[in-house]
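Asker: This is the structure I want to talk about, given as structure tokens.
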Amino acid sequence: MPEPQSSVASSGSVDRLRNAFGGVLCIFTLLLIGVLAFSIRLFSVIKYESVIHEFDPYFNYRVTQFLSKNGIYEFWNWFDDRTWYPLGRVIGGTVYPGLTLTAGTIWWLLNSLNIPLSVETVCVFTAPVFSVNASWATYLLTKETKGPGAGLMAATILAMVPSYISRSVAGSYDNEAVAIFALIFTFYLYVKVCSWGGYTFIINLIPMHVLLCIVTGRYSSRLYIAYAPLVVLGTLLAASVPVVGFNAVMTSEHFASFLVFIILHVVALVYYIKGLLTPRLFKVAMTFVITVGLAVCFAAAAILIALIASSPTKGWSGRSLSLLDPTYASKYIPIIASVSEHQPPTWPSYFMDINVLAFLVPAGIVSCFLPLSDASSFLVLYLVTSVYFSGVMVRLMLVLAPAACILSGIALSEAFGVLTRSMKFQRPTLDDGSFTAGDGSSDTPTNSEMGLKEKTSKKNRKKDKESEGSSPVDHRTEEKLLVLPCGPSAVGIMLLTILSGFYVIHCVWAAAEAYSAPSIVLTSRSHDGFHVFDDFREAYGWLRHNTDADDKVASWWDYGYQTTAMANRTVIVDNNTWNNTHIATVGTAMASPEKVAWEIFNSLDVKYVLVIFGGLIGYPSDDINKFLWMVRIGGGVFPQIKEADYLKDGNYRVDAHSTPTMLNSLMYKLCYYRFVETDGKGFDRVRRYEIGKKHFKLTHFEEVFTTHHWLVRIYKLKPQKNRVRGKLKFKSSLKASFMRKTGGKKSPWK
């Protein structure tokens with residue numbers, strides 16, 4: 001007989017209570033994930049101090065300071081005369097403002113609430129805060145594909161993944177701090193059918209997914225509603241940013257989105273006409289639409305080809321061409337190839353940055369195909385493209401990390417689901433020890449179930465028979481077919497738990513040791529203890545307090561942002577690298593003999609030259625190791641600089657076998673001046689050589705400051721001798737010569 005109404009109501013209340021408890025537990029878990037994501041990125045502050053890291057973040061910090069002090073309108077019109085002297089730089093029109101506007105807004109809100117935090121403190125903690133947002137966005141995106149369980153697993157993995165931690169520790173105030181959250185959240189909104197604009201990677205990945213859906217017959221009105229506003233609003237928003245401007249419609253990186261936009265409208269028109277016409281008329285209309293569509297596509301393609309034909313790079317930027325052709329930068333743009341984070345990654349770097357996720361991702365891909373949906377196909381496409389780009393440039397490992405975390409979360413969730421379901425199906429009942437089904441009931445139908453079956457109408461029975469004929473295995477049987485023996489299931493759960501434990505240990509170690517040390521403060525461990533090298537701040541402090549405010553400082557472009565932000569002095573080049581000729585001029589000066597270098601720097605009104613030297617303490621990222629890139633970049637503009645002149649039998653050396661051109665270059669002299677005094681031999685601990693030229697004097701430069709560990713060395717250009725003093729010196733030498741020749745007779749010169 002049928003169950004009483006009270007029993008049904010009780011069952012419904014239990015379900016509601018279970019759902020409510022599940023929702024509260026999910027929110028509590030997300031809060032814990034947020035705490036984990038934030039706290040694991042605080043090792044840099046706990047172990048060292050609250051300080052900005054790396055090089056680019058110092059420029060972002062300086063821009064945020066200006067924004068918070070002068071306001072948004074002054075920011076858009078800010079001309080910075082302390083960089084790229086004598087050219088200067090229009091900051092508002094050459095910087096992506098998302099990071100600085102976000103941090104500036106947070107600082108303004110906190111101060112409006114009478115929470116007096118400094119701009120520096122806000123900048124230091126911006127990345128950890130947005131890593132929390134990125135974890136929650138990952139949950140939302142994965143939940144749309146495989147449910148809340150997979151979403152929680154993916155969010156937990158992303159909160160700890162080393163690749164993301166490397167760019168989001170406290171003090172890492174770079175664009176990736178906000179960009180990864182924006183990328184994941186944009187993908188979520190797109191999958192959710194309501195989206196907004198992004199940039200390069202986003203505006204090419206999403207069109208690829210739309211085209212894939214159209215080709216595989218998955219077009220729907222939801223796809224049109226999701227993509228059409230994205231292109232229109234995204235293009236308008238991107239064009240409103242000064243640094244993008246008309247590039248939003250003029251560069252090749254954006255053409256894919258426009259082409260798919262046209263194709264989508266053609267397909268939408270076809271489906272609309274199909275709903276209005278008969279099959280015969282539809283066939284005629286299809287012929288017309290295809291003809292007109294092809295004509296429009298060819299016309300658009302001709303216009304695009306005409307627009308980009310005049311460009312030597314065919315409308316692509318140098319960095320985009322480097323992604324499409326990994327050898328392009330090394331051949332034509334050495335300034336891009338010289339950046340370490342633009343180099344291809346090694347296999348150990350994958351294990352370092354994503355660890356065991358590399359083994360879980362394939363299982364996640366398989367799970368996305370069971371079954372394949374629009375959302376899961378998007379995740380697979382995201383993974384494939386990010387894997388390619390991460391293989392071209394190590395910096396783009398950061399783009400791979402969210403995809404790897406999402407698919408690994410799906411894999412772990414599915415695996416735990418199968419294993420726990422297997423143990424649940426095989427647990428014994430309390431009365432007879434027989435095995436139960438997934439819901440705890442036996443396979444034998446109860447009396448109420450038999451009563452319901454007897455009252456089934458003939459129509460329903462017919463449907464049941466049809467369903468049995470088309471699918472002989474019901475849902476419960478399908479679940480049973482996925483059941484594994486109890487023993488292997490328990491072992492599998494234990495192994496997955498151990499694997500997850502190893503991942504957690506690796507992530508904590510990476511956050512605490514590998515990625516928490518700020519590059520501005522160096523540390524090392526040796527047999528005699530822990531050492532801290534604070535030479536960078538020592539040097540910048542000396543420049544700030546011992547030089548005039550309008551003095552110009554020349555160095556390699558890596559240190560431009562830090563010099564401007566920390567020493568508050570004008571630099572010749574910096575990390576923006578927008579003017580290759582200017583950088584090549586500095587590289588040529590460093591590669592030239594002392595007199596020629598003095599003339600170049602003097603023409604730029606330079607008063608001080610700063611070099612980084614790690615030969616004493618073993619710091620490998622010094623200017624001697626970067627010197628060949630200075631030669632290559634300088635030789636690309638000034639042909640008198642040839643790389644072969646600095647190599648001995650194809651090898652780069654600084655010992656006695658080095659070439660005369662190398663030994664007489666300004667870089668060699670500024671780094672190794674008086675170096676032999678440190679140990680009596682002049683042994684370079686980085687190159688593992690005893691230097692070739694030990695005892696020499698500087699004629700056009702004078703040493704004014706060297707830090708405690710010889711890491712930063714600062715030289716001043718000697719003043720040019722004027723003609724009057726030269727004539728007097730010439731007369732005195734003639735007088736001495738006359739006295740020698742005449743045996744001490746009275747000289748005609750008074």
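Each chain in the structure tokens gets a letter, A, B, ..., in the order shown, and its residues are numbered from 1; ligands are numbered from 1 in order too.
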Env of region 547-563 of chain A: 8 Å cut, atoms = only C-alpha atoms, seq-sep filter 4 positions within chain, self excluded. Answer as a PDB file with N, CA, C and O atoms, in the first residue's frame.
Answerer:
ATOM      1  N   PHE A  55      61.216  43.154  -8.954  1.00  0.00           N
ATOM      2  CA  PHE A  55      61.547  44.424  -9.600  1.00  0.00           C
ATOM      3  C   PHE A  55      60.295  45.179 -10.052  1.00  0.00           C
ATOM      4  O   PHE A  55      60.070  46.322  -9.669  1.00  0.00           O
ATOM      5  N   ASP A  56      59.448  44.535 -10.882  1.00  0.00           N
ATOM      6  CA  ASP A  56      58.240  45.194 -11.373  1.00  0.00           C
ATOM      7  C   ASP A  56      57.320  45.672 -10.256  1.00  0.00           C
ATOM      8  O   ASP A  56      56.702  46.735 -10.390  1.00  0.00           O
ATOM      9  N   TYR A  58      57.907  47.145  -7.614  1.00  0.00           N
ATOM     10  CA  TYR A  58      58.275  48.466  -7.099  1.00  0.00           C
ATOM     11  C   TYR A  58      57.716  49.583  -7.973  1.00  0.00           C
ATOM     12  O   TYR A  58      57.352  50.654  -7.476  1.00  0.00           O
ATOM     13  N   PHE A  59      57.636  49.347  -9.270  1.00  0.00           N
ATOM     14  CA  PHE A  59      56.986  50.329 -10.137  1.00  0.00           C
ATOM     15  C   PHE A  59      55.496  50.394  -9.837  1.00  0.00           C
ATOM     16  O   PHE A  59      54.913  51.490  -9.743  1.00  0.00           O
ATOM     17  N   THR A  83      62.083  58.602 -15.426  1.00  0.00           N
ATOM     18  CA  THR A  83      62.389  57.355 -16.120  1.00  0.00           C
ATOM     19  C   THR A  83      62.704  57.640 -17.581  1.00  0.00           C
ATOM     20  O   THR A  83      62.225  58.624 -18.154  1.00  0.00           O
ATOM     21  N   TYR A  85      65.238  58.791 -19.122  1.00  0.00           N
ATOM     22  CA  TYR A  85      65.809  60.099 -19.420  1.00  0.00           C
ATOM     23  C   TYR A  85      66.607  60.025 -20.734  1.00  0.00           C
ATOM     24  O   TYR A  85      67.326  59.064 -20.972  1.00  0.00           O
ATOM     25  N   TYR A 540      70.649  51.564  -2.529  1.00  0.00           N
ATOM     26  CA  TYR A 540      69.630  52.551  -2.876  1.00  0.00           C
ATOM     27  C   TYR A 540      69.520  53.630  -1.804  1.00  0.00           C
ATOM     28  O   TYR A 540      69.256  54.806  -2.113  1.00  0.00           O
ATOM     29  N   TRP A 542      72.066  54.699  -0.051  1.00  0.00           N
ATOM     30  CA  TRP A 542      73.210  55.589  -0.266  1.00  0.00           C
ATOM     31  C   TRP A 542      72.923  56.580  -1.392  1.00  0.00           C
ATOM     32  O   TRP A 542      73.253  57.775  -1.274  1.00  0.00           O
ATOM     33  N   LEU A 543      72.324  56.095  -2.479  1.00  0.00           N
ATOM     34  CA  LEU A 543      71.994  56.999  -3.586  1.00  0.00           C
ATOM     35  C   LEU A 543      71.010  58.078  -3.143  1.00  0.00           C
ATOM     36  O   LEU A 543      71.143  59.251  -3.512  1.00  0.00           O
ATOM     37  N   ALA A 567      65.440  54.729  -4.503  1.00  0.00           N
ATOM     38  CA  ALA A 567      66.444  55.791  -4.417  1.00  0.00           C
ATOM     39  C   ALA A 567      65.899  57.145  -4.842  1.00  0.00           C
ATOM     40  O   ALA A 567      66.519  58.173  -4.579  1.00  0.00           O
ATOM     41  N   ASN A 568      64.739  57.141  -5.531  1.00  0.00           N
ATOM     42  CA  ASN A 568      64.117  58.378  -6.002  1.00  0.00           C
ATOM     43  C   ASN A 568      65.067  59.176  -6.895  1.00  0.00           C
ATOM     44  O   ASN A 568      65.188  60.394  -6.772  1.00  0.00           O
ATOM     45  N   ARG A 569      65.722  58.453  -7.811  1.00  0.00           N
ATOM     46  CA  ARG A 569      66.632  59.100  -8.746  1.00  0.00           C
ATOM     47  C   ARG A 569      66.229  58.771 -10.182  1.00  0.00           C
ATOM     48  O   ARG A 569      65.640  57.722 -10.450  1.00  0.00           O
ATOM     49  N   THR A 570      66.567  59.662 -11.091  1.00  0.00           N
ATOM     50  CA  THR A 570      66.229  59.486 -12.496  1.00  0.00           C
ATOM     51  C   THR A 570      67.088  58.394 -13.117  1.00  0.00           C
ATOM     52  O   THR A 570      68.298  58.348 -12.883  1.00  0.00           O
ATOM     53  N   VAL A 571      66.464  57.511 -13.905  1.00  0.00           N
ATOM     54  CA  VAL A 571      67.185  56.415 -14.550  1.00  0.00           C
ATOM     55  C   VAL A 571      67.107  56.573 -16.067  1.00  0.00           C
ATOM     56  O   VAL A 571      66.250  57.280 -16.602  1.00  0.00           O
ATOM     57  N   ILE A 572      68.014  55.911 -16.741  1.00  0.00           N
ATOM     58  CA  ILE A 572      68.061  55.976 -18.207  1.00  0.00           C
ATOM     59  C   ILE A 572      67.119  54.961 -18.825  1.00  0.00           C
ATOM     60  O   ILE A 572      66.401  55.258 -19.785  1.00  0.00           O
ATOM     61  N   VAL A 573      67.097  53.731 -18.304  1.00  0.00           N
ATOM     62  CA  VAL A 573      66.198  52.678 -18.779  1.00  0.00           C
ATOM     63  C   VAL A 573      65.619  51.965 -17.563  1.00  0.00           C
ATOM     64  O   VAL A 573      66.193  51.997 -16.475  1.00  0.00           O
ATOM     65  N   ASP A 574      64.464  51.313 -17.769  1.00  0.00           N
ATOM     66  CA  ASP A 574      63.879  50.525 -16.682  1.00  0.00           C
ATOM     67  C   ASP A 574      63.174  49.311 -17.263  1.00  0.00           C
ATOM     68  O   ASP A 574      63.286  49.003 -18.449  1.00  0.00           O
ATOM     69  N   ASN A 575      62.403  48.631 -16.413  1.00  0.00           N
ATOM     70  CA  ASN A 575      61.838  47.332 -16.761  1.00  0.00           C
ATOM     71  C   ASN A 575      60.698  47.403 -17.749  1.00  0.00           C
ATOM     72  O   ASN A 575      60.200  46.361 -18.188  1.00  0.00           O
ATOM     73  N   THR A 577      60.950  48.436 -20.812  1.00  0.00           N
ATOM     74  CA  THR A 577      61.614  47.975 -22.055  1.00  0.00           C
ATOM     75  C   THR A 577      60.861  48.393 -23.318  1.00  0.00           C
ATOM     76  O   THR A 577      60.789  47.637 -24.280  1.00  0.00           O
ATOM     77  N   ILE A 583      67.800  51.035 -24.695  1.00  0.00           N
ATOM     78  CA  ILE A 583      68.422  49.940 -23.959  1.00  0.00           C
ATOM     79  C   ILE A 583      69.695  49.490 -24.659  1.00  0.00           C
ATOM     80  O   ILE A 583      70.714  49.191 -24.008  1.00  0.00           O
ATOM     81  N   VAL A 586      72.615  51.712 -23.699  1.00  0.00           N
ATOM     82  CA  VAL A 586      73.216  51.368 -22.408  1.00  0.00           C
ATOM     83  C   VAL A 586      74.042  50.091 -22.537  1.00  0.00           C
ATOM     84  O   VAL A 586      75.154  49.991 -21.995  1.00  0.00           O
ATOM     85  N   GLY A 587      73.526  49.096 -23.263  1.00  0.00           N
ATOM     86  CA  GLY A 587      74.279  47.863 -23.464  1.00  0.00           C
ATOM     87  C   GLY A 587      75.578  48.097 -24.209  1.00  0.00           C
ATOM     88  O   GLY A 587      76.616  47.500 -23.881  1.00  0.00           O
ATOM     89  N   PHE A 601      77.781  57.760 -21.855  1.00  0.00           N
ATOM     90  CA  PHE A 601      77.052  58.128 -20.641  1.00  0.00           C
ATOM     91  C   PHE A 601      77.042  59.642 -20.444  1.00  0.00           C
ATOM     92  O   PHE A 601      76.040  60.207 -19.983  1.00  0.00           O
ATOM     93  N   ASP A 605      73.892  62.622 -20.010  1.00  0.00           N
ATOM     94  CA  ASP A 605      73.862  63.386 -18.767  1.00  0.00           C
ATOM     95  C   ASP A 605      73.892  62.483 -17.538  1.00  0.00           C
ATOM     96  O   ASP A 605      73.342  62.814 -16.482  1.00  0.00           O
ATOM     97  N   VAL A 606      74.522  61.307 -17.660  1.00  0.00           N
ATOM     98  CA  VAL A 606      74.624  60.361 -16.551  1.00  0.00           C
ATOM     99  C   VAL A 606      75.711  60.825 -15.594  1.00  0.00           C
ATOM    100  O   VAL A 606      76.782  61.268 -16.016  1.00  0.00           O
ATOM    101  N   LYS A 607      75.446  60.684 -14.302  1.00  0.00           N
ATOM    102  CA  LYS A 607      76.443  61.045 -13.308  1.00  0.00           C
ATOM    103  C   LYS A 607      76.953  59.831 -12.530  1.00  0.00           C
ATOM    104  O   LYS A 607      78.096  59.809 -12.081  1.00  0.00           O
ATOM    105  N   TYR A 608      76.086  58.792 -12.392  1.00  0.00           N
ATOM    106  CA  TYR A 608      76.477  57.599 -11.651  1.00  0.00           C
ATOM    107  C   TYR A 608      76.122  56.356 -12.463  1.00  0.00           C
ATOM    108  O   TYR A 608      75.111  56.333 -13.177  1.00  0.00           O
ATOM    109  N   VAL A 609      76.954  55.335 -12.319  1.00  0.00           N
ATOM    110  CA  VAL A 609      76.721  54.042 -12.964  1.00  0.00           C
ATOM    111  C   VAL A 609      76.669  52.979 -11.873  1.00  0.00           C
ATOM    112  O   VAL A 609      77.555  52.919 -11.012  1.00  0.00           O
ATOM    113  N   LEU A 610      75.638  52.147 -11.923  1.00  0.00           N
ATOM    114  CA  LEU A 610      75.425  51.105 -10.921  1.00  0.00           C
ATOM    115  C   LEU A 610      75.529  49.735 -11.581  1.00  0.00           C
ATOM    116  O   LEU A 610      74.912  49.488 -12.623  1.00  0.00           O
ATOM    117  N   VAL A 611      76.310  48.832 -10.988  1.00  0.00           N
ATOM    118  CA  VAL A 611      76.436  47.462 -11.492  1.00  0.00           C
ATOM    119  C   VAL A 611      76.221  46.488 -10.334  1.00  0.00           C
ATOM    120  O   VAL A 611      76.478  46.811  -9.173  1.00  0.00           O
ATOM    121  N   ASP A 623      75.471  41.101 -13.130  1.00  0.00           N
ATOM    122  CA  ASP A 623      75.595  41.693 -14.464  1.00  0.00           C
ATOM    123  C   ASP A 623      76.618  40.985 -15.341  1.00  0.00           C
ATOM    124  O   ASP A 623      76.519  41.062 -16.569  1.00  0.00           O
TER     125      ASP A 623
END
Asker: I want to know what sits within 10 Å of Gly417 (chain A), based on only C-alpha atoms, with residues of the same chain fewer than 5 positions away left out; could you give that as a PyMOL selection string?
Answerer: chain A and resi 149-150+411-412+422+493
Asker: Residues within 10 Å of region 516-524 of chain A, please, as a PyMOL selection string. Count only C-alpha atoms; anything in the same chain fewer than 2 positions from it doesn't count.
Answerer: chain A and resi 40-55+165-166+168-172+509-514+526+529-537+562+617+619
Asker: Counting only C-alpha atoms, which of A:Ile410, A:Thr581, A:Ala256, A:Pro162 gets nearest to His506 (chain A)?
Answerer: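 Once distances to His506 (chain A) are computed over only C-alpha atoms, the minimum belongs to A:Pro162.
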Asker: Contacts of region 330-347 of chain A at 6 Å or less, counting only C-alpha atoms, minus same-chain residues fewer than 2 places along, as a list in words?
Answerer: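 So, after excluding close chain neighbours, the residues are Thr327, Tyr328, Ser349, Tyr350, Gly391, Val392, Met393, Val394, Arg395 and Ile633 of chain A.
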Asker: Could you check which of A:Ser376, A:Asn664, A:Asn580, A:Gln426 is closest to Lys146 (chain A), using only C-alpha atoms?
Answerer: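 Comparing A:Ser376, A:Asn664, A:Asn580, A:Gln426 against Lys146 (chain A), the winner is A:Ser376.
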Asker: Just want the 8 Å neighbourhood of region 356-361 of chain A, counted on only C-alpha atoms, with same-chain residues fewer than 3 positions away dropped. Output as a list in words.
Answerer: Tyr350, Phe351, Gly364, Ile365, Ala404, Cys405, Leu407, Ser408, Ala411, Leu412, Leu499 and Tyr503 of chain A
Asker: Write out, as a JSON list (two decimals), in the first residue's frame, the residues just selected, with C-alpha atoms.
Answerer:
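Result file is again.json:
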[["chain", "number", "residue", "atom", "x", "y", "z"],
["A", 350, "TYR", "CA", 56.63, 21.35, -13.82],
["A", 351, "PHE", "CA", 57.07, 19.04, -10.86],
["A", 364, "GLY", "CA", 40.43, 14.71, -14.95],
["A", 365, "ILE", "CA", 40.37, 14.93, -18.75],
["A", 404, "ALA", "CA", 45.57, 21.77, -13.63],
["A", 405, "CYS", "CA", 43.93, 22.42, -10.25],
["A", 407, "LEU", "CA", 40.95, 18.99, -13.57],
["A", 408, "SER", "CA", 42.88, 17.45, -10.67],
["A", 411, "ALA", "CA", 39.76, 13.60, -10.82],
["A", 412, "LEU", "CA", 40.12, 13.35, -7.03],
["A", 499, "LEU", "CA", 49.16, 11.40, -2.21],
["A", 503, "TYR", "CA", 51.03, 17.46, -2.10]]
Asker: For the atom pair CA of Val676 (chain A) and CA of Val654 (chain A), what is the interatomic distance in Å to one decimal place?
Answerer: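 Those two atoms sit 13.6 Å apart.
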Asker: Please, what distance in Å, to one decimal, runs between CA of Ser373 (chain A) and CA of Ala415 (chain A)?
Answerer: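 According to the coordinates, CA of Ser373 (chain A) and CA of Ala415 (chain A) are separated by 19.6 Å.
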Asker: Compile the contact shell of Glu690 (chain A) as a list in words: residues with an atom at most 12 Å away, counting only C-alpha atoms, same-chain residues fewer than 3 positions apart removed.
Answerer: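 Answer for this query is Gly615, Leu616, Arg653, Val654, Asp655, Ala656, His657, Ser658, Tyr672, Phe675, Val676, Asp679, Gly680, Lys681, Gly682, Phe683, Asp684, Arg685, Val686, Arg687, Lys693 and Lys694 of chain A.
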Asker: Write out as a CSV table (one decimal) with N, CA, C and O atoms, in the first residue's frame which residues come within 12 Å of Val129 (chain A) when counting only C-alpha atoms, dropping same-chain ones fewer than 5 positions away.
Answerer:
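Output saved as around33.csv:
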chain,number,residue,atom,x,y,z
A,34,GLY,N,39.6,29.7,2.2
A,34,GLY,CA,40.1,31.1,2.1
A,34,GLY,C,41.2,31.4,3.2
A,34,GLY,O,42.2,32.1,2.9
A,35,VAL,N,41.0,30.9,4.4
A,35,VAL,CA,42.0,31.1,5.4
A,35,VAL,C,43.3,30.4,5.0
A,35,VAL,O,44.4,30.9,5.2
A,36,LEU,N,43.2,29.2,4.5
A,36,LEU,CA,44.4,28.5,4.0
A,36,LEU,C,45.1,29.2,2.9
A,36,LEU,O,46.3,29.4,2.9
A,37,ALA,N,44.3,29.7,1.9
A,37,ALA,CA,45.0,30.4,0.8
A,37,ALA,C,45.7,31.7,1.3
A,37,ALA,O,46.7,32.1,0.7
A,38,PHE,N,45.1,32.4,2.2
A,38,PHE,CA,45.7,33.6,2.7
A,38,PHE,C,46.9,33.3,3.6
A,38,PHE,O,48.0,33.9,3.4
A,39,SER,N,46.8,32.4,4.5
A,39,SER,CA,47.8,32.2,5.5
A,39,SER,C,49.1,31.6,5.0
A,39,SER,O,50.2,31.8,5.4
A,40,ILE,N,48.9,30.7,3.9
A,40,ILE,CA,50.1,30.0,3.4
A,40,ILE,C,51.0,31.0,2.6
A,40,ILE,O,52.1,30.7,2.3
A,41,ARG,N,50.4,32.2,2.3
A,41,ARG,CA,51.2,33.2,1.6
A,41,ARG,C,51.9,34.2,2.5
A,41,ARG,O,52.4,35.2,2.0
A,42,LEU,N,51.8,34.0,3.8
A,42,LEU,CA,52.4,35.0,4.8
A,42,LEU,C,53.7,34.6,5.3
A,42,LEU,O,54.3,35.3,6.1
A,102,THR,N,42.8,48.7,-8.3
A,102,THR,CA,42.2,47.8,-7.3
A,102,THR,C,42.8,48.1,-5.9
A,102,THR,O,42.1,48.3,-4.9
A,103,ALA,N,44.1,48.2,-5.9
A,103,ALA,CA,44.8,48.5,-4.6
A,103,ALA,C,44.5,49.9,-4.1
A,103,ALA,O,44.3,50.1,-2.9
A,106,ILE,N,41.0,49.8,-2.6
A,106,ILE,CA,41.0,49.1,-1.3
A,106,ILE,C,41.6,50.1,-0.2
A,106,ILE,O,41.0,50.2,0.9
A,122,VAL,N,48.9,47.9,2.1
A,122,VAL,CA,47.8,47.4,1.2
A,122,VAL,C,48.4,46.6,0.0
A,122,VAL,O,47.9,45.6,-0.4
A,123,CYS,N,49.5,47.2,-0.6
A,123,CYS,CA,50.1,46.6,-1.7
A,123,CYS,C,50.7,45.2,-1.4
A,123,CYS,O,50.7,44.3,-2.2
A,124,VAL,N,51.3,45.1,-0.2
A,124,VAL,CA,51.9,43.8,0.3
A,124,VAL,C,50.9,42.7,0.4
A,124,VAL,O,51.1,41.6,0.0
A,134,ALA,N,40.4,34.0,-5.8
A,134,ALA,CA,40.7,33.1,-6.9
A,134,ALA,C,40.3,31.6,-6.5
A,134,ALA,O,39.8,30.9,-7.4
A,135,SER,N,40.5,31.3,-5.3
A,135,SER,CA,40.1,29.9,-4.8
A,135,SER,C,38.6,29.8,-4.9
A,135,SER,O,38.0,28.8,-5.3
A,136,TRP,N,37.9,30.8,-4.4
A,136,TRP,CA,36.4,30.8,-4.5
A,136,TRP,C,35.9,30.8,-5.9
A,136,TRP,O,34.9,30.1,-6.2
A,159,ALA,N,44.4,26.7,-3.8
A,159,ALA,CA,44.8,27.5,-2.7
A,159,ALA,C,46.3,27.3,-2.3
A,159,ALA,O,47.0,28.1,-1.8
A,168,SER,N,52.0,35.1,-5.8
A,168,SER,CA,50.9,35.7,-5.0
A,168,SER,C,51.3,35.7,-3.5
A,168,SER,O,50.4,35.9,-2.7
A,169,VAL,N,52.6,35.5,-3.2
A,169,VAL,CA,53.0,35.6,-1.8
A,169,VAL,C,52.8,37.1,-1.3
A,169,VAL,O,52.8,38.0,-2.2
A,170,ALA,N,52.8,37.3,0.0
A,170,ALA,CA,52.7,38.7,0.5
A,170,ALA,C,53.9,39.5,0.0
A,170,ALA,O,55.1,39.1,0.3
A,171,GLY,N,53.7,40.6,-0.6
A,171,GLY,CA,54.8,41.4,-1.2
A,171,GLY,C,55.0,41.3,-2.7
A,171,GLY,O,55.6,42.1,-3.3
A,172,SER,N,54.3,40.2,-3.3
A,172,SER,CA,54.4,40.1,-4.7
A,172,SER,C,53.3,40.9,-5.4
A,172,SER,O,52.3,40.4,-5.8
A,173,TYR,N,53.6,42.2,-5.5
A,173,TYR,CA,52.6,43.1,-6.0
A,173,TYR,C,52.7,43.3,-7.5
A,173,TYR,O,53.1,44.3,-8.0
A,177,ALA,N,48.6,39.2,-9.4
A,177,ALA,CA,47.9,39.1,-8.2
A,177,ALA,C,46.4,39.2,-8.4
A,177,ALA,O,45.6,38.6,-7.7
A,178,VAL,N,46.0,40.1,-9.3
A,178,VAL,CA,44.6,40.3,-9.6
A,178,VAL,C,44.2,39.5,-10.9
A,178,VAL,O,43.0,39.1,-11.0
A,181,PHE,N,42.7,35.8,-10.6
A,181,PHE,CA,41.3,35.8,-10.2
A,181,PHE,C,40.3,36.3,-11.3
A,181,PHE,O,39.3,35.7,-11.5
Asker: Can you measure CA of Ile303 (chain A) to CA of Met250 (chain A) for me? One decimal in Å is fine.
Answerer: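 According to the coordinates, CA of Ile303 (chain A) and CA of Met250 (chain A) are separated by 11.1 Å.
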Asker: In region 517-561 of chain A, what's alpha helix (DSSP H) per DSSP? Answer as an NGL selection string?
Answerer: :A and (535-546 or 560-561)
Asker: For the selection just defined, write its residues with C-alpha atoms to a file, as an mmCIF file, in the first residue's frame.
Answerer:
data_model
loop_
_atom_site.group_PDB
_atom_site.id
_atom_site.type_symbol
_atom_site.label_atom_id
_atom_site.label_comp_id
_atom_site.auth_asym_id
_atom_site.auth_seq_id
_atom_site.Cartn_x
_atom_site.Cartn_y
_atom_site.Cartn_z
ATOM 1 C CA ASP A 535 73.040 45.140 -0.141
ATOM 2 C CA PHE A 536 70.324 46.345 -2.512
ATOM 3 C CA ARG A 537 68.606 48.542 0.051
ATOM 4 C CA GLU A 538 71.997 49.648 1.334
ATOM 5 C CA ALA A 539 72.957 50.869 -2.147
ATOM 6 C CA TYR A 540 69.630 52.551 -2.876
ATOM 7 C CA GLY A 541 69.749 54.251 0.510
ATOM 8 C CA TRP A 542 73.210 55.589 -0.266
ATOM 9 C CA LEU A 543 71.994 56.999 -3.586
ATOM 10 C CA ARG A 544 69.024 58.659 -1.914
ATOM 11 C CA HIS A 545 71.112 60.362 0.792
ATOM 12 C CA ASN A 546 74.404 61.102 -0.987
ATOM 13 C CA GLY A 560 65.412 50.700 -13.158
ATOM 14 C CA TYR A 561 62.129 50.326 -11.269
#
Asker: So, with only C-alpha atoms as the atoms that count, which of A:Leu110, A:Ile214, A:Phe255, A:Ile33 lies closest to Gly151 (chain A)?
Answerer: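 Among the listed residues, the smallest separation from Gly151 (chain A) belongs to A:Ile33.
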Asker: Kindly indicate which residue among A:Ala401, A:Leu101, A:Ile157, A:Ile180 lies nearest to Asn133 (chain A), using only C-alpha atoms for the distances.
Answerer: A:Ile180
